[in-house]
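Asker: Here's a structure for you.
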There are 2 protein chains.
Amino acid sequence: MKIHSFKTNESGLNRFFGPLEAKIMHILWNGPEMAIKDVQARLAKEQAINFNTVMTVMNRLVDKGVLRKRAQGRVSLFQPTQSLEQFLETQSKELTNDLLEEFGPLVVNHMLDALEEADPALIEQLEQKIQALKKER
Amino acid sequence: MKIHSFKTNESGLNRFFGPLEAKIMHILWNGPEMAIKDVQARLAKEQAINFNTVMTVMNRLVDKGVLRKRAQGRVSLFQPTQSLEQFLETQSKELTNDLLEEFGPLVVNHMLDALEEADPALIEQLEQKIQALKKER
DNA sequence: ACCTCACACTACCTATTGTAATGTTCACAA
DNA sequence: TTGTGAACATTACAATAGGTAGTGTGAGGT
């Protein structure tokens, strides 16, 4: 399985995951390899949560290929298969490709407006890249 | 209701809609205001389909705000609330914004690569826009 | 031998999408 | 006037995704 949907009405990790999934990924990305119990403990700081619930969701994340499970004696330790940076890299690349593939010129038209809103400095960055590309040829 | 998910494993309208929904929108976008029966007839050219199935899905599309229903005597006529162009415009704008909001610099890095793959002419278009923007200031 | 703990298995709930049976209403024809 | 059919409304079931949690199983320590 893989991530196959980007939610426009959410933000952050919730764009790729369900709310509980997102919390779990957040914990695993901001800590070491962990057992279910450890993740449950972290989650329980906010809100009591059943051990089995955490286990089920974590196993589903393994099925999806975003977590890796490793047996350590009696317990299983979990960690993301990719770093957060790699994950965002992969996702943003795929989305960017999909967007251009799907919309082409439309996206180019929106790009600048969007860049201005998000962070004008990015426009500079983009121009630099265009210039660099031109020199190559 | 609104569109709130962009599917990376599909293409075209199927990125925004379920497969039957997509076919229905395709028909309504490429023809005049239509009754359910008309849509059903078009769909049936490929594959027999129950009238009620078409009706249910079309009414759901009305609930989502992408179709408008208008009573015409005994029958209801349906048409998209936006033209296909407007719809794609809206979606691509929203996605572009979301992408930059979420990933910022990462997207800028991927943009050029993606542009080259999709259509090198788009890079020109982008550069033109950057220049135009600079003159404004 | 037994108890506990971690894990597996199973199931239920909600939402979304596809599917379709059943119920209702009303115009028009016989 | 009655009844028939067309169009719509209502309801429901299946599949999938995600959240929740009960029950079953097995291995280690006591």
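For the structure tokens, the naming scheme is as follows: chains receive sequential letters (A, B, ...) according to their order of presentation, residues are indexed from 1 within each chain, and ligands are indexed from 1 in presentation order.
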Write out as a PyMOL selection string which residues come within 12 Å of D:DT10 when counting only C-alpha atoms (C1' of nucleotides), dropping same-chain ones fewer than 6 positions away.
Answerer: (chain B and resi 52+56) or (chain C and resi 21-24)
Asker: Once you have the residues from the selection above, write them out as a PDB file, in the first residue's frame, restricted to N, CA, C and O atoms (P, O5', C5', C4', C3', O3' and C1' of nucleotides).
Answerer:
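Contents of the output file again.pdb:
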```
ATOM      1  N   ASN B  52     -31.666   4.398 -11.016  1.00  0.00           N
ATOM      2  CA  ASN B  52     -31.557   4.890  -9.633  1.00  0.00           C
ATOM      3  C   ASN B  52     -30.113   5.089  -9.191  1.00  0.00           C
ATOM      4  O   ASN B  52     -29.821   5.969  -8.385  1.00  0.00           O
ATOM      5  N   THR B  56     -28.919   8.587  -7.719  1.00  0.00           N
ATOM      6  CA  THR B  56     -28.294   8.737  -6.407  1.00  0.00           C
ATOM      7  C   THR B  56     -26.971   9.485  -6.502  1.00  0.00           C
ATOM      8  O   THR B  56     -26.722  10.433  -5.758  1.00  0.00           O
TER       9      THR B  56
ATOM     10  P    DA C  21     -32.821  -3.981  -8.451  1.00  0.00           P
ATOM     11  O5'  DA C  21     -33.868  -4.295  -7.297  1.00  0.00           O
ATOM     12  C5'  DA C  21     -33.424  -4.908  -6.092  1.00  0.00           C
ATOM     13  C4'  DA C  21     -34.256  -4.423  -4.911  1.00  0.00           C
ATOM     14  C3'  DA C  21     -35.759  -4.400  -5.189  1.00  0.00           C
ATOM     15  O3'  DA C  21     -36.468  -4.886  -4.044  1.00  0.00           O
ATOM     16  C1'  DA C  21     -35.033  -2.254  -4.527  1.00  0.00           C
ATOM     17  P    DT C  22     -38.054  -5.126  -4.120  1.00  0.00           P
ATOM     18  O5'  DT C  22     -38.632  -3.804  -3.427  1.00  0.00           O
ATOM     19  C5'  DT C  22     -38.250  -3.516  -2.091  1.00  0.00           C
ATOM     20  C4'  DT C  22     -38.809  -2.167  -1.692  1.00  0.00           C
ATOM     21  C3'  DT C  22     -40.311  -1.979  -1.978  1.00  0.00           C
ATOM     22  O3'  DT C  22     -40.903  -1.413  -0.819  1.00  0.00           O
ATOM     23  C1'  DT C  22     -39.086  -0.177  -2.842  1.00  0.00           C
ATOM     24  P    DG C  23     -42.501  -1.215  -0.745  1.00  0.00           P
ATOM     25  O5'  DG C  23     -42.633   0.375  -0.762  1.00  0.00           O
ATOM     26  C5'  DG C  23     -41.830   1.165   0.122  1.00  0.00           C
ATOM     27  C4'  DG C  23     -42.126   2.629  -0.102  1.00  0.00           C
ATOM     28  C3'  DG C  23     -43.597   2.986  -0.347  1.00  0.00           C
ATOM     29  O3'  DG C  23     -43.881   4.184   0.359  1.00  0.00           O
ATOM     30  C1'  DG C  23     -42.286   3.751  -2.156  1.00  0.00           C
ATOM     31  P    DT C  24     -45.364   4.803   0.382  1.00  0.00           P
ATOM     32  O5'  DT C  24     -45.218   6.058  -0.590  1.00  0.00           O
ATOM     33  C5'  DT C  24     -44.186   7.024  -0.340  1.00  0.00           C
ATOM     34  C4'  DT C  24     -44.275   8.121  -1.383  1.00  0.00           C
ATOM     35  C3'  DT C  24     -45.685   8.615  -1.696  1.00  0.00           C
ATOM     36  O3'  DT C  24     -45.655  10.029  -1.686  1.00  0.00           O
ATOM     37  C1'  DT C  24     -44.576   8.039  -3.694  1.00  0.00           C
TER      38       DT C  24
END
```
Asker: For the structure I just gave you, how does DSSP split chain B - specifically, which residues are strand (DSSP E)? Reply as number ranges by chain.
Answerer: B: 5-7, 34-35, 67-72, 75-80
Asker: Please tabulate, as a tab-separated table, the residues of stretch 47-110 of chain A that come within 10 Å of stretch 75-97 of chain B, each with its closest pair of atoms and the distance in Å to one decimal, counting only C-alpha atoms and ordering rows by chain, then residue number upward.
Answerer:
```
residue	atom	partner	partner_atom	distance
A:Leu95	CA	B:Leu95	CA	9.1
A:Thr96	CA	B:Thr96	CA	8.6
A:Leu99	CA	B:Ser92	CA	7.4
A:Leu100	CA	B:Ser92	CA	9.3
A:Glu102	CA	B:Ser92	CA	8.7
A:Phe103	CA	B:Ser92	CA	6.7
A:Gly104	CA	B:Ser92	CA	9.4
A:Leu106	CA	B:Glu89	CA	6.7
A:Val107	CA	B:Ser92	CA	6.1
A:Val108	CA	B:Thr96	CA	9.2
A:Asn109	CA	B:Lys93	CA	8.8
A:His110	CA	B:Lys93	CA	5.8
```
Asker: The selected residues should be written to file as a JSON list (two decimals), in the first residue's frame (atoms: N, CA and C atoms).
Answerer:
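Result went into again_20.json, see below:
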```json
[["chain", "number", "residue", "atom", "x", "y", "z"],
["A", 95, "LEU", "N", 3.59, 15.08, -5.85],
["A", 95, "LEU", "CA", 2.48, 16.02, -6.03],
["A", 95, "LEU", "C", 2.81, 17.06, -7.10],
["A", 96, "THR", "N", 4.01, 17.55, -7.06],
["A", 96, "THR", "CA", 4.40, 18.54, -8.06],
["A", 96, "THR", "C", 4.29, 17.96, -9.45],
["A", 99, "LEU", "N", 0.67, 17.47, -10.41],
["A", 99, "LEU", "CA", 0.01, 18.75, -10.65],
["A", 99, "LEU", "C", 0.34, 19.26, -12.05],
["A", 100, "LEU", "N", 1.58, 19.20, -12.40],
["A", 100, "LEU", "CA", 1.99, 19.66, -13.73],
["A", 100, "LEU", "C", 1.42, 18.78, -14.81],
["A", 102, "GLU", "N", -1.24, 17.12, -14.67],
["A", 102, "GLU", "CA", -2.68, 17.29, -14.76],
["A", 102, "GLU", "C", -3.06, 18.66, -15.28],
["A", 103, "PHE", "N", -2.32, 19.68, -14.89],
["A", 103, "PHE", "CA", -2.78, 21.04, -15.17],
["A", 103, "PHE", "C", -1.83, 21.86, -16.02],
["A", 104, "GLY", "N", -0.57, 21.45, -16.10],
["A", 104, "GLY", "CA", 0.40, 22.16, -16.92],
["A", 104, "GLY", "C", 0.35, 23.67, -16.80],
["A", 106, "LEU", "N", -1.85, 25.88, -16.41],
["A", 106, "LEU", "CA", -2.65, 26.49, -15.35],
["A", 106, "LEU", "C", -1.83, 26.68, -14.09],
["A", 107, "VAL", "N", -1.05, 25.67, -13.77],
["A", 107, "VAL", "CA", -0.27, 25.73, -12.54],
["A", 107, "VAL", "C", 0.80, 26.81, -12.63],
["A", 108, "VAL", "N", 1.40, 26.90, -13.80],
["A", 108, "VAL", "CA", 2.42, 27.95, -13.98],
["A", 108, "VAL", "C", 1.82, 29.31, -13.73],
["A", 109, "ASN", "N", 0.60, 29.49, -14.19],
["A", 109, "ASN", "CA", -0.07, 30.77, -13.96],
["A", 109, "ASN", "C", -0.28, 31.04, -12.48],
["A", 110, "HIS", "N", -0.59, 30.02, -11.74],
["A", 110, "HIS", "CA", -0.88, 30.23, -10.32],
["A", 110, "HIS", "C", 0.37, 30.28, -9.48]]
```
Asker: With all C-alpha atoms paired in order, what RMSD does the least-squares fit of chain B onto chain A leave?
Answerer: 0.1 Å
Asker: Apply DSSP to the structure's backbone, then extract all residues of chain B labelled helix (DSSP H, G or I) and return them as a PyMOL selection string.
Answerer: chain B and resi 12-15+19-29+36-44+51-63+84-103+105-118+121-136
Asker: Point out the residue among D:DG29, D:DG24, D:DG18, D:DG5 with the least atom-to-atom distance to chain A, counting only C-alpha atoms (C1' of nucleotides).
Answerer: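 Using only C-alpha atoms (C1' of nucleotides), chain A sits closest to D:DG18.
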Asker: Near stretch 6-14 of chain C, within 12 Å and counting only C-alpha atoms (C1' of nucleotides), which residues show up once chain neighbours fewer than 3 positions away are dropped, as a PyMOL selection string?
Answerer: (chain A and resi 35-37+51-52+55-56+59+71-77) or (chain D and resi 17-28)
Asker: May I have the selected residues written with N, CA, C and O atoms (P, O5', C5', C4', C3', O3' and C1' of nucleotides), as a tab-separated table (two decimals), in the first residue's frame?
Answerer:
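Dumped to result_6.tsv:
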```tsv
chain	number	residue	atom	x	y	z
A	35	ALA	N	8.39	0.95	20.93
A	35	ALA	CA	7.39	-0.11	21.04
A	35	ALA	C	6.00	0.53	21.09
A	35	ALA	O	5.88	1.73	21.36
A	36	ILE	N	4.99	-0.28	20.85
A	36	ILE	CA	3.62	0.22	20.88
A	36	ILE	C	3.32	0.92	22.20
A	36	ILE	O	2.76	2.00	22.25
A	37	LYS	N	3.75	0.27	23.28
A	37	LYS	CA	3.51	0.81	24.62
A	37	LYS	C	4.05	2.22	24.77
A	37	LYS	O	3.43	3.08	25.41
A	51	PHE	N	-4.57	0.43	24.23
A	51	PHE	CA	-3.36	-0.17	23.66
A	51	PHE	C	-3.63	-0.80	22.29
A	51	PHE	O	-2.88	-0.61	21.33
A	52	ASN	N	-4.71	-1.56	22.23
A	52	ASN	CA	-5.03	-2.27	20.98
A	52	ASN	C	-5.34	-1.31	19.83
A	52	ASN	O	-5.04	-1.62	18.67
A	55	MET	N	-2.05	-0.30	18.56
A	55	MET	CA	-1.43	-1.42	17.85
A	55	MET	C	-2.03	-1.60	16.46
A	55	MET	O	-1.30	-1.75	15.47
A	56	THR	N	-3.35	-1.60	16.39
A	56	THR	CA	-4.02	-1.79	15.10
A	56	THR	C	-3.58	-0.73	14.10
A	56	THR	O	-3.20	-1.05	12.96
A	59	ASN	N	0.04	-1.19	13.03
A	59	ASN	CA	0.20	-2.30	12.08
A	59	ASN	C	-0.31	-1.93	10.70
A	59	ASN	O	0.27	-2.33	9.68
A	71	ALA	N	11.27	-7.15	15.35
A	71	ALA	CA	11.12	-7.89	16.59
A	71	ALA	C	12.35	-7.71	17.45
A	71	ALA	O	13.47	-7.84	16.99
A	72	GLN	N	12.11	-7.41	18.72
A	72	GLN	CA	13.19	-7.21	19.69
A	72	GLN	C	12.80	-8.05	20.90
A	72	GLN	O	12.15	-7.56	21.82
A	73	GLY	N	13.17	-9.33	20.87
A	73	GLY	CA	12.70	-10.22	21.93
A	73	GLY	C	11.19	-10.33	21.85
A	73	GLY	O	10.65	-10.64	20.80
A	74	ARG	N	10.52	-10.05	22.93
A	74	ARG	CA	9.05	-10.19	22.96
A	74	ARG	C	8.35	-9.01	22.32
A	74	ARG	O	7.21	-9.14	21.88
A	75	VAL	N	8.99	-7.88	22.33
A	75	VAL	CA	8.29	-6.70	21.83
A	75	VAL	C	8.69	-6.40	20.38
A	75	VAL	O	9.70	-6.87	19.89
A	76	SER	N	7.86	-5.64	19.74
A	76	SER	CA	8.18	-5.16	18.39
A	76	SER	C	8.51	-3.68	18.47
A	76	SER	O	7.81	-2.92	19.12
A	77	LEU	N	9.56	-3.31	17.77
A	77	LEU	CA	9.94	-1.90	17.72
A	77	LEU	C	9.58	-1.34	16.35
A	77	LEU	O	9.73	-2.02	15.34
D	17	DA	P	-8.74	0.58	1.12
D	17	DA	O5'	-9.00	1.75	2.17
D	17	DA	C5'	-9.35	3.05	1.69
D	17	DA	C4'	-9.50	3.99	2.86
D	17	DA	C3'	-8.40	3.84	3.93
D	17	DA	O3'	-8.01	5.15	4.33
D	17	DA	C1'	-10.53	3.51	4.91
D	18	DG	P	-6.71	5.28	5.21
D	18	DG	O5'	-7.34	5.47	6.67
D	18	DG	C5'	-8.13	6.62	6.92
D	18	DG	C4'	-8.86	6.45	8.24
D	18	DG	C3'	-7.95	6.18	9.45
D	18	DG	O3'	-8.19	7.19	10.40
D	18	DG	C1'	-9.82	4.74	9.44
D	19	DG	P	-7.30	7.35	11.69
D	19	DG	O5'	-8.29	6.88	12.86
D	19	DG	C5'	-9.45	7.64	13.12
D	19	DG	C4'	-10.31	6.96	14.17
D	19	DG	C3'	-9.56	6.56	15.44
D	19	DG	O3'	-10.27	7.08	16.57
D	19	DG	C1'	-10.81	4.72	14.61
D	20	DT	P	-9.73	6.82	18.06
D	20	DT	O5'	-10.44	5.46	18.47
D	20	DT	C5'	-11.86	5.41	18.56
D	20	DT	C4'	-12.31	4.02	18.99
D	20	DT	C3'	-11.51	3.44	20.16
D	20	DT	O3'	-12.31	3.45	21.32
D	20	DT	C1'	-11.98	1.83	18.45
D	21	DA	P	-11.71	3.05	22.74
D	21	DA	O5'	-11.90	1.48	22.74
D	21	DA	C5'	-13.20	0.94	22.53
D	21	DA	C4'	-13.09	-0.55	22.34
D	21	DA	C3'	-12.28	-1.28	23.43
D	21	DA	O3'	-13.06	-2.35	23.92
D	21	DA	C1'	-11.70	-2.04	21.30
D	22	DG	P	-12.91	-2.84	25.42
D	22	DG	O5'	-13.46	-4.34	25.28
D	22	DG	C5'	-14.69	-4.57	24.58
D	22	DG	C4'	-14.70	-5.97	23.98
D	22	DG	C3'	-14.23	-7.07	24.92
D	22	DG	O3'	-15.08	-8.21	24.80
D	22	DG	C1'	-12.90	-7.07	22.96
D	23	DT	P	-14.96	-9.40	25.86
D	23	DT	O5'	-14.10	-10.45	25.02
D	23	DT	C5'	-14.59	-10.89	23.76
D	23	DT	C4'	-13.55	-11.75	23.08
D	23	DT	C3'	-12.96	-12.87	23.95
D	23	DT	O3'	-12.94	-14.05	23.18
D	23	DT	C1'	-11.24	-11.63	22.96
D	24	DG	P	-12.48	-15.43	23.83
D	24	DG	O5'	-11.13	-15.70	23.02
D	24	DG	C5'	-11.17	-15.73	21.59
D	24	DG	C4'	-9.78	-16.02	21.04
D	24	DG	C3'	-9.04	-17.17	21.71
D	24	DG	O3'	-8.34	-17.89	20.70
D	24	DG	C1'	-7.76	-15.21	21.89
D	25	DT	P	-7.60	-19.24	21.01
D	25	DT	O5'	-6.06	-18.81	21.02
D	25	DT	C5'	-5.51	-18.18	19.87
D	25	DT	C4'	-4.03	-17.93	20.11
D	25	DT	C3'	-3.28	-19.05	20.86
D	25	DT	O3'	-2.00	-19.19	20.28
D	25	DT	C1'	-2.95	-17.03	21.96
D	26	DG	P	-1.21	-20.61	20.33
D	26	DG	O5'	0.31	-20.13	20.27
D	26	DG	C5'	0.62	-18.77	19.94
D	26	DG	C4'	1.73	-18.26	20.85
D	26	DG	C3'	2.53	-19.36	21.56
D	26	DG	O3'	3.87	-18.92	21.62
D	26	DG	C1'	1.65	-17.91	23.15
D	27	DA	P	5.07	-20.01	21.61
D	27	DA	O5'	6.31	-19.15	22.14
D	27	DA	C5'	6.25	-17.71	22.07
D	27	DA	C4'	6.80	-17.13	23.35
D	27	DA	C3'	7.78	-18.03	24.11
D	27	DA	O3'	8.80	-17.21	24.63
D	27	DA	C1'	6.02	-17.45	25.52
D	28	DG	P	10.18	-17.83	25.17
D	28	DG	O5'	10.52	-16.74	26.31
D	28	DG	C5'	9.48	-15.84	26.67
D	28	DG	C4'	9.80	-15.10	27.91
D	28	DG	C3'	10.88	-15.68	28.81
D	28	DG	O3'	11.48	-14.63	29.56
D	28	DG	C1'	8.72	-16.06	29.78
```
Asker: Can you tell me which residues surround D:DA14 at a distance of at most 12 Å, considering only C-alpha atoms (C1' of nucleotides), apart from same-chain residues fewer than 4 positions away, and format the answer as a list in words?
Answerer: DT17, DG18, DT19 and DA20 of chain C
Asker: Any idea what the distance is between atom CA of B:Gln131 and atom CA of B:Ala118?
Answerer: 21.8 Å
Asker: Specify as number ranges by chain all residues of chain A found within 10 Å of chain D, counting only C-alpha atoms (C1' of nucleotides).
Answerer: A: 17-21, 49-54, 56-57, 60, 74
Asker: Enter the distance from atom CA of B:Thr8 to atom CA of A:Ser5, in Å, rounded to one decimal.
Answerer: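 We find that atom CA of B:Thr8 and atom CA of A:Ser5 lie 5.8 Å from each other.
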Asker: Please indicate the distance in Å from atom CA of B:Ala22 to atom C1' of C:DA15, rounded to one decimal place.
Answerer: 19.4 Å
